[in-house]
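The structure file upload-v6.txt is reproduced below (compact mmCIF, C-alpha atoms).
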```
# COMPACT_ATOMS: atom_id res chain seq x y z
CA MET F 1045 -46.99 46.12 -60.74
CA GLY F 1046 -46.56 44.62 -57.43
CA CYS F 1047 -47.29 45.85 -53.99
CA CYS F 1048 -44.95 47.86 -51.91
CA PHE F 1049 -45.71 48.24 -48.28
CA SER F 1050 -43.57 48.48 -45.25
CA ALA F 1051 -44.62 48.70 -41.71
CA GLY F 1052 -42.74 50.66 -39.21
CA SER F 1053 -41.19 54.12 -39.57
CA ASN F 1054 -42.90 54.90 -42.89
CA GLN F 1055 -46.36 54.55 -41.56
CA ASP F 1056 -46.32 57.86 -39.71
CA ASP F 1057 -45.22 59.87 -42.71
CA PRO F 1058 -47.98 61.80 -44.43
CA LYS F 1059 -48.73 60.39 -47.80
CA LYS F 1060 -47.04 62.46 -50.45
CA LEU F 1061 -47.36 62.63 -54.19
CA LEU F 1062 -44.30 62.03 -56.23
CA ILE F 1063 -45.01 65.34 -57.97
CA PRO F 1064 -45.95 67.88 -55.31
CA ASP F 1065 -49.08 69.91 -56.16
CA PRO F 1066 -49.65 73.13 -54.16
CA ASN F 1067 -53.38 73.29 -54.96
CA LEU F 1068 -53.96 69.77 -53.96
CA ASN F 1069 -55.77 70.36 -50.67
CA LYS F 1070 -58.08 73.08 -52.00
CA ILE F 1071 -59.77 71.11 -54.68
CA PRO F 1072 -62.34 68.46 -53.84
CA THR F 1073 -61.82 65.32 -55.80
CA ASN F 1074 -64.62 63.50 -57.50
CA GLY F 1075 -62.66 60.79 -59.18
CA SER F 1076 -59.76 58.99 -57.81
CA ASP F 1077 -59.48 58.76 -54.09
CA ARG F 1078 -55.87 59.36 -53.42
CA ASN F 1079 -55.95 58.57 -49.75
CA ALA F 1080 -57.28 55.12 -50.24
CA ASP F 1081 -54.46 54.23 -52.56
CA SER F 1082 -51.33 53.86 -50.59
CA LEU F 1083 -49.38 52.81 -53.67
CA PRO F 1084 -47.18 55.69 -54.85
CA SER F 1085 -47.50 54.79 -58.52
CA ASN F 1086 -46.68 57.23 -61.30
CA ARG F 1087 -49.82 56.44 -63.19
CA THR F 1088 -52.18 57.29 -60.39
CA ASP F 1089 -50.41 60.53 -59.62
CA GLU F 1090 -50.38 61.51 -63.23
CA GLN F 1091 -54.08 60.81 -63.37
CA ALA F 1092 -54.62 62.85 -60.26
CA LEU F 1093 -52.61 65.72 -61.65
CA LEU F 1094 -54.57 65.71 -64.89
CA THR F 1095 -57.77 65.72 -62.91
CA THR F 1096 -56.52 68.68 -60.93
CA ILE F 1097 -55.66 70.53 -64.11
CA LEU F 1098 -59.17 69.96 -65.38
CA GLN F 1099 -60.85 70.92 -62.15
CA ARG F 1100 -59.11 74.26 -61.80
CA PRO F 1101 -60.62 75.92 -64.95
CA ALA F 1102 -63.87 74.07 -64.41
CA LEU F 1103 -64.22 75.90 -61.12
CA ASN F 1104 -63.20 79.24 -62.59
CA ILE F 1105 -65.20 79.17 -65.77
CA ILE F 1106 -68.63 80.79 -65.67
CA ASP F 1107 -70.81 79.02 -68.17
CA VAL F 1108 -72.98 81.82 -69.58
CA SER F 1109 -75.20 79.57 -71.64
CA ALA F 1110 -76.00 77.53 -68.56
CA VAL F 1111 -76.96 80.68 -66.64
CA ILE F 1112 -79.32 81.90 -69.32
CA SER F 1113 -81.11 78.62 -69.70
CA GLN F 1114 -82.00 78.63 -66.02
CA GLY F 1115 -85.52 79.49 -67.04
CA LEU F 1116 -88.78 79.60 -65.20
CA GLU F 1117 -90.96 76.61 -64.87
CA GLN F 1118 -93.87 76.48 -67.26
CA HIS F 1119 -96.57 77.36 -64.72
CA GLU F 1120 -94.49 80.18 -63.24
CA TYR F 1121 -93.99 81.60 -66.73
CA MET F 1122 -97.70 81.45 -67.51
CA ASP F 1123 -98.55 83.11 -64.23
CA ARG F 1124 -96.22 86.00 -64.89
CA ALA F 1125 -97.42 86.44 -68.49
CA ARG F 1126 -100.99 86.68 -67.23
CA GLN F 1127 -100.03 89.18 -64.55
CA TYR F 1128 -98.23 91.43 -67.00
CA SER F 1129 -100.99 91.40 -69.60
CA THR F 1130 -103.60 92.31 -66.96
CA LYS F 1131 -101.46 95.22 -65.82
CA LEU F 1132 -101.03 96.37 -69.42
CA ASP F 1133 -104.77 96.23 -70.02
CA VAL F 1134 -105.45 98.45 -67.01
CA LEU F 1135 -102.81 100.94 -68.12
CA SER F 1136 -103.96 101.09 -71.73
CA ARG F 1137 -107.51 101.76 -70.57
CA THR F 1138 -106.45 104.71 -68.42
CA LEU F 1139 -104.26 106.07 -71.22
CA SER F 1140 -107.01 106.06 -73.85
CA GLN F 1141 -109.30 107.98 -71.50
CA LYS F 1142 -106.91 110.90 -71.38
CA LYS F 1143 -108.26 113.90 -73.25
CA PRO F 1144 -106.31 114.99 -76.33
CA VAL F 1145 -104.44 118.28 -76.04
CA PRO F 1146 -106.87 121.14 -76.80
CA LEU F 1147 -106.08 123.50 -79.63
CA PRO F 1148 -104.31 126.60 -78.40
CA SER F 1149 -105.72 129.95 -79.43
CA LEU F 1150 -103.31 131.78 -81.70
CA SER F 1151 -105.30 134.94 -82.15
CA SER F 1152 -108.50 136.68 -81.10
CA GLN F 1153 -108.84 138.31 -84.54
CA PRO F 1154 -108.66 135.40 -87.00
CA HIS F 1155 -110.01 137.35 -89.96
CA GLN F 1156 -107.54 140.13 -89.47
CA VAL F 1157 -104.65 137.71 -89.17
CA LEU F 1158 -105.67 135.83 -92.29
CA ALA F 1159 -106.29 138.98 -94.31
CA ALA F 1160 -102.90 140.46 -93.49
CA ASP F 1161 -100.17 140.65 -96.11
CA LEU F 1162 -98.83 137.35 -97.33
CA VAL F 1163 -95.26 136.29 -96.64
CA SER F 1164 -93.00 138.30 -98.94
CA TYR F 1165 -91.21 136.69 -101.85
CA ALA F 1166 -87.83 137.58 -100.36
CA ASP F 1167 -88.71 135.83 -97.11
CA VAL F 1168 -89.81 132.71 -98.96
CA GLN F 1169 -86.56 132.65 -100.92
CA GLN F 1170 -84.54 133.02 -97.76
CA VAL F 1171 -86.39 130.20 -95.99
CA SER F 1172 -85.95 127.97 -99.05
CA LYS F 1173 -82.21 128.69 -99.04
CA ILE F 1174 -81.90 127.93 -95.33
CA ALA F 1175 -83.84 124.70 -95.76
CA ALA F 1176 -81.56 123.70 -98.64
CA TYR F 1177 -78.48 124.31 -96.50
CA ALA F 1178 -79.97 122.27 -93.67
CA TYR F 1179 -80.83 119.43 -96.04
CA SER F 1180 -77.34 119.43 -97.46
CA ALA F 1181 -75.81 119.39 -93.99
CA ILE F 1182 -77.98 116.54 -92.81
CA SER F 1183 -77.25 114.47 -95.89
CA GLN F 1184 -73.55 114.72 -95.07
CA ILE F 1185 -73.94 113.09 -91.68
CA LYS F 1186 -72.28 109.72 -91.78
CA VAL F 1187 -70.81 107.14 -89.45
CA ASP F 1188 -67.05 107.27 -89.08
CA ALA F 1189 -66.23 103.68 -88.20
CA LYS F 1190 -62.94 103.58 -86.38
CA GLU F 1191 -63.02 100.08 -84.94
CA GLU F 1192 -64.65 96.80 -85.54
CA LEU F 1193 -68.03 96.59 -83.91
CA VAL F 1194 -67.84 92.89 -83.20
CA VAL F 1195 -64.64 91.40 -81.87
CA GLN F 1196 -63.52 87.92 -80.94
CA PHE F 1197 -62.57 87.23 -77.38
CA ALA F 1198 -58.97 86.01 -77.43
CA ILE F 1199 -58.33 83.53 -74.69
CA PRO F 1200 -54.57 83.19 -74.41
CA MET Z 1315 -123.22 131.49 -85.95
CA THR Z 1316 -121.75 130.22 -89.16
CA THR Z 1317 -122.33 133.60 -90.80
CA ALA Z 1318 -120.40 135.32 -88.08
CA LEU Z 1319 -117.51 132.94 -88.66
CA THR Z 1320 -117.56 133.15 -92.43
CA GLN Z 1321 -118.42 136.78 -93.03
CA GLY Z 1322 -114.95 137.97 -92.19
CA LEU Z 1323 -113.40 135.22 -94.31
CA GLU Z 1324 -115.53 136.14 -97.33
CA ARG Z 1325 -114.09 139.62 -97.35
CA ILE Z 1326 -110.45 138.64 -97.35
CA PRO Z 1327 -108.71 139.99 -100.46
CA ASP Z 1328 -107.82 137.46 -103.17
CA GLN Z 1329 -109.56 134.68 -101.30
CA ILE Z 1330 -110.63 131.76 -103.49
CA GLY Z 1331 -111.94 129.48 -100.78
CA TYR Z 1332 -112.03 128.88 -97.04
CA LEU Z 1333 -112.63 126.28 -94.33
CA VAL Z 1334 -113.62 126.50 -90.70
CA ILE Z 1335 -112.69 123.34 -88.84
CA SER Z 1336 -113.27 122.19 -85.26
CA GLU Z 1337 -112.17 119.08 -83.39
CA GLU Z 1338 -115.33 117.32 -84.54
CA GLY Z 1339 -115.05 118.23 -88.21
CA VAL Z 1340 -115.65 120.87 -90.85
CA LEU Z 1341 -118.05 123.61 -89.72
CA ALA Z 1342 -118.08 125.66 -92.90
CA SER Z 1343 -116.49 125.59 -96.32
CA ALA Z 1344 -116.67 127.62 -99.51
CA GLY Z 1345 -115.04 128.31 -102.88
CA GLU Z 1346 -112.32 125.91 -103.96
CA LEU Z 1347 -112.24 124.35 -100.49
CA GLU Z 1348 -115.96 123.59 -100.46
CA ASN Z 1349 -116.54 120.12 -98.97
CA ASP Z 1350 -112.80 119.48 -99.12
CA GLU Z 1351 -112.50 117.24 -96.06
CA HIS Z 1352 -109.20 115.83 -97.22
CA THR Z 1353 -107.48 119.21 -97.22
CA ALA Z 1354 -109.12 119.93 -93.87
CA GLY Z 1355 -107.64 116.75 -92.40
CA VAL Z 1356 -104.15 117.45 -93.72
CA ILE Z 1357 -104.18 121.05 -92.50
CA MET Z 1358 -105.40 119.98 -89.05
CA GLN Z 1359 -102.45 117.61 -88.76
CA MET Z 1360 -100.02 120.26 -89.94
CA VAL Z 1361 -101.26 122.92 -87.56
CA ARG Z 1362 -101.31 120.52 -84.60
CA THR Z 1363 -97.70 119.60 -85.33
CA ALA Z 1364 -96.73 123.25 -85.66
CA CYS Z 1365 -98.37 124.05 -82.31
CA ARG Z 1366 -96.07 121.57 -80.62
CA PHE Z 1367 -92.99 123.63 -81.44
CA ARG Z 1368 -92.10 125.57 -78.34
CA LEU Z 1369 -89.11 127.77 -77.80
CA HIS Z 1370 -87.29 126.70 -74.63
CA GLY Z 1371 -90.43 125.20 -73.16
CA ALA Z 1372 -92.48 128.39 -73.45
CA ALA Z 1373 -96.18 128.01 -72.71
CA GLU Z 1374 -97.46 129.84 -75.81
CA PRO Z 1375 -97.14 128.62 -79.37
CA LEU Z 1376 -94.63 130.44 -81.53
CA PHE Z 1377 -96.84 131.73 -84.24
CA LYS Z 1378 -100.03 133.58 -85.11
CA ARG Z 1379 -100.53 132.28 -88.63
CA MET Z 1380 -99.25 129.32 -90.58
CA SER Z 1381 -98.81 129.78 -94.35
CA VAL Z 1382 -98.55 126.82 -96.71
CA MET Z 1383 -97.16 128.37 -99.87
CA PHE Z 1384 -97.46 127.00 -103.35
CA GLU Z 1385 -96.51 128.63 -106.58
CA ASP Z 1386 -99.85 130.21 -107.40
CA TYR Z 1387 -101.75 130.10 -104.13
CA VAL Z 1388 -101.34 130.08 -100.35
CA TYR Z 1389 -103.22 128.44 -97.52
CA ALA Z 1390 -103.26 130.79 -94.54
CA VAL Z 1391 -104.18 129.08 -91.28
CA THR Z 1392 -104.87 130.34 -87.79
CA ILE Z 1393 -106.64 129.15 -84.65
CA SER Z 1394 -109.13 131.08 -82.59
CA GLY Z 1395 -111.63 129.90 -79.99
CA GLN Z 1396 -111.03 126.16 -80.52
CA LYS Z 1397 -111.59 126.52 -84.29
CA VAL Z 1398 -109.13 126.37 -87.15
CA PHE Z 1399 -109.61 128.96 -89.89
CA VAL Z 1400 -108.15 128.24 -93.31
CA VAL Z 1401 -108.28 130.62 -96.24
CA LYS Z 1402 -106.97 129.92 -99.73
CA ARG Z 1403 -105.60 133.07 -101.31
CA GLN Z 1404 -104.02 133.83 -104.63
CA ASN Z 1405 -100.29 134.27 -104.53
CA ASN Z 1406 -99.39 137.00 -106.97
CA GLN Z 1407 -95.92 137.63 -105.75
CA ARG Z 1408 -93.17 137.15 -108.23
CA GLU Z 1409 -89.51 137.79 -108.25
CA PRO Z 1410 -88.96 141.53 -108.32
CA VAL Z 1411 -87.75 142.63 -111.71
CA ILE Z 1412 -84.57 144.65 -111.65
CA VAL Z 1413 -84.74 147.25 -114.30
```

If you took the structure in this file and wrote it as structure tokens, what would it be?
Amino acid sequence: MGCCFSAGSNQDDPKKLLIPDPNLNKIPTNGSDRNADSLPSNRTDEQALLTTILQRPALNIIDVSAVISQGLEQHEYMDRARQYSTKLDVLSRTLSQKKPVPLPSLSSQPHQVLAADLVSYADVQQVSKIAAYAYSAISQIKVDAKEELVVQFAIP
Amino acid sequence: MTTALTQGLERIPDQIGYLVISEEGVLASAGELENDEHTAGVIMQMVRTACRFRLHGAAEPLFKRMSVMFEDYVYAVTISGQKVFVVKRQNNQREPVIV
């Protein structure tokens, strides 16, 4: 390729890319070191530009899978599991000691209540009819799917 | 004590059996429900569920007596003094005949 260098007036000029890149100064470079290369060659600049293009989305993208897999260390995980199961044991013990709800008293004259007239035939028919209506109504409940439940993210 | 509980039940018209149940188990049984622990268990579950129905969070249960009606017989159930009383009665009601 050859080497182009001139001393004198050009030395004070700031080094410029052939293709100006406005984001150039904001992005740290990990690859090519532009400043060290004083040769304004197309290839290097193209390389630099491609690197810039790659770096921009790499900075903006949030890698969800990477976030999730930031798990606990093994011993930390075991510690927490032990803590939680101890807490659950204590709670389940206190829960089982709770007394069951006592039977309410419905009447002070049980024999009288039980000896009273039975439910009339008409009442039974009416209740059966109401129950049939309710059953029919419930069986007509259905999901009205208007949209897809699962969609693809479209990245333009 | 059992006689006091069961005397009134014996005299119920059309009765063909009864049970007196407490939290611990069956206290007395007679007629077609004699020694019928299975029916006792089912009825206890039903009456406990029914007692949980409350209208607008009212403190008292909604009912005095629960009737489980079959074609030829009825189980009438009530609760008094921490005991569940069940009586099996004949169901003679039929559709009224229009003449």

Counting only C-alpha atoms, what are the residues of chain F within 10 Å of chain Z, and for each of them which pair of atoms is the nearest and at what distance in Å, to one decimal? Sort the table by chain and rising number, as a Markdown table.
```
| residue | atom | partner | partner_atom | distance |
| --- | --- | --- | --- | --- |
| F:Val1145 | CA | Z:Arg1362 | CA | 9.4 |
| F:Pro1146 | CA | Z:Gln1396 | CA | 7.5 |
| F:Leu1147 | CA | Z:Gln1396 | CA | 5.7 |
| F:Pro1148 | CA | Z:Gln1396 | CA | 7.1 |
| F:Ser1149 | CA | Z:Ser1394 | CA | 4.8 |
| F:Leu1150 | CA | Z:Lys1378 | CA | 5.1 |
| F:Ser1151 | CA | Z:Ser1394 | CA | 5.5 |
| F:Ser1152 | CA | Z:Ser1394 | CA | 5.8 |
| F:Gln1153 | CA | Z:Ser1394 | CA | 7.5 |
| F:Pro1154 | CA | Z:Ser1394 | CA | 6.2 |
| F:His1155 | CA | Z:Gly1322 | CA | 5.5 |
| F:Gln1156 | CA | Z:Gly1322 | CA | 8.2 |
| F:Val1157 | CA | Z:Arg1379 | CA | 6.8 |
| F:Leu1158 | CA | Z:Ala1390 | CA | 6.0 |
| F:Ala1159 | CA | Z:Ile1326 | CA | 5.2 |
| F:Ala1160 | CA | Z:Ile1326 | CA | 8.7 |
| F:Asp1161 | CA | Z:Pro1327 | CA | 9.6 |
| F:Leu1162 | CA | Z:Asn1405 | CA | 8.0 |
| F:Val1163 | CA | Z:Ser1381 | CA | 7.8 |
| F:Ser1164 | CA | Z:Gln1407 | CA | 7.4 |
| F:Tyr1165 | CA | Z:Gln1407 | CA | 6.2 |
| F:Ala1166 | CA | Z:Glu1409 | CA | 8.1 |
| F:Val1168 | CA | Z:Met1383 | CA | 8.6 |
| F:Gln1169 | CA | Z:Glu1409 | CA | 9.4 |
```

Review point. Quick one, how far is CA of Val1411 (chain Z) from CA of Val1382 (chain Z)?
Key: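 Computed distance, CA of Val1411 (chain Z) to CA of Val1382 (chain Z), equals 24.3 Å.
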
Practice item. Work out how far apart CA of Leu1333 (chain Z) and CA of Tyr1387 (chain Z) are and give it in Å to one decimal. Key: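 Computing the Euclidean distance for CA of Leu1333 (chain Z) and CA of Tyr1387 (chain Z) yields 15.1 Å.
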
With all atoms of region 1333-1349 of chain Z from the file as input, state the centre and edge lengths in Å to one decimal of the axis-aligned box that has 8 Å extra on each side, as AutoDock Vina command-line options.
```
--center_x -115.1 --center_y 122.8 --center_z -93.7 --size_x 21.9 --size_y 27.0 --size_z 36.6
```

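Relative to CA of Met1358 (chain Z), CA of Ser1136 (chain F) is found at 25.7 Å.
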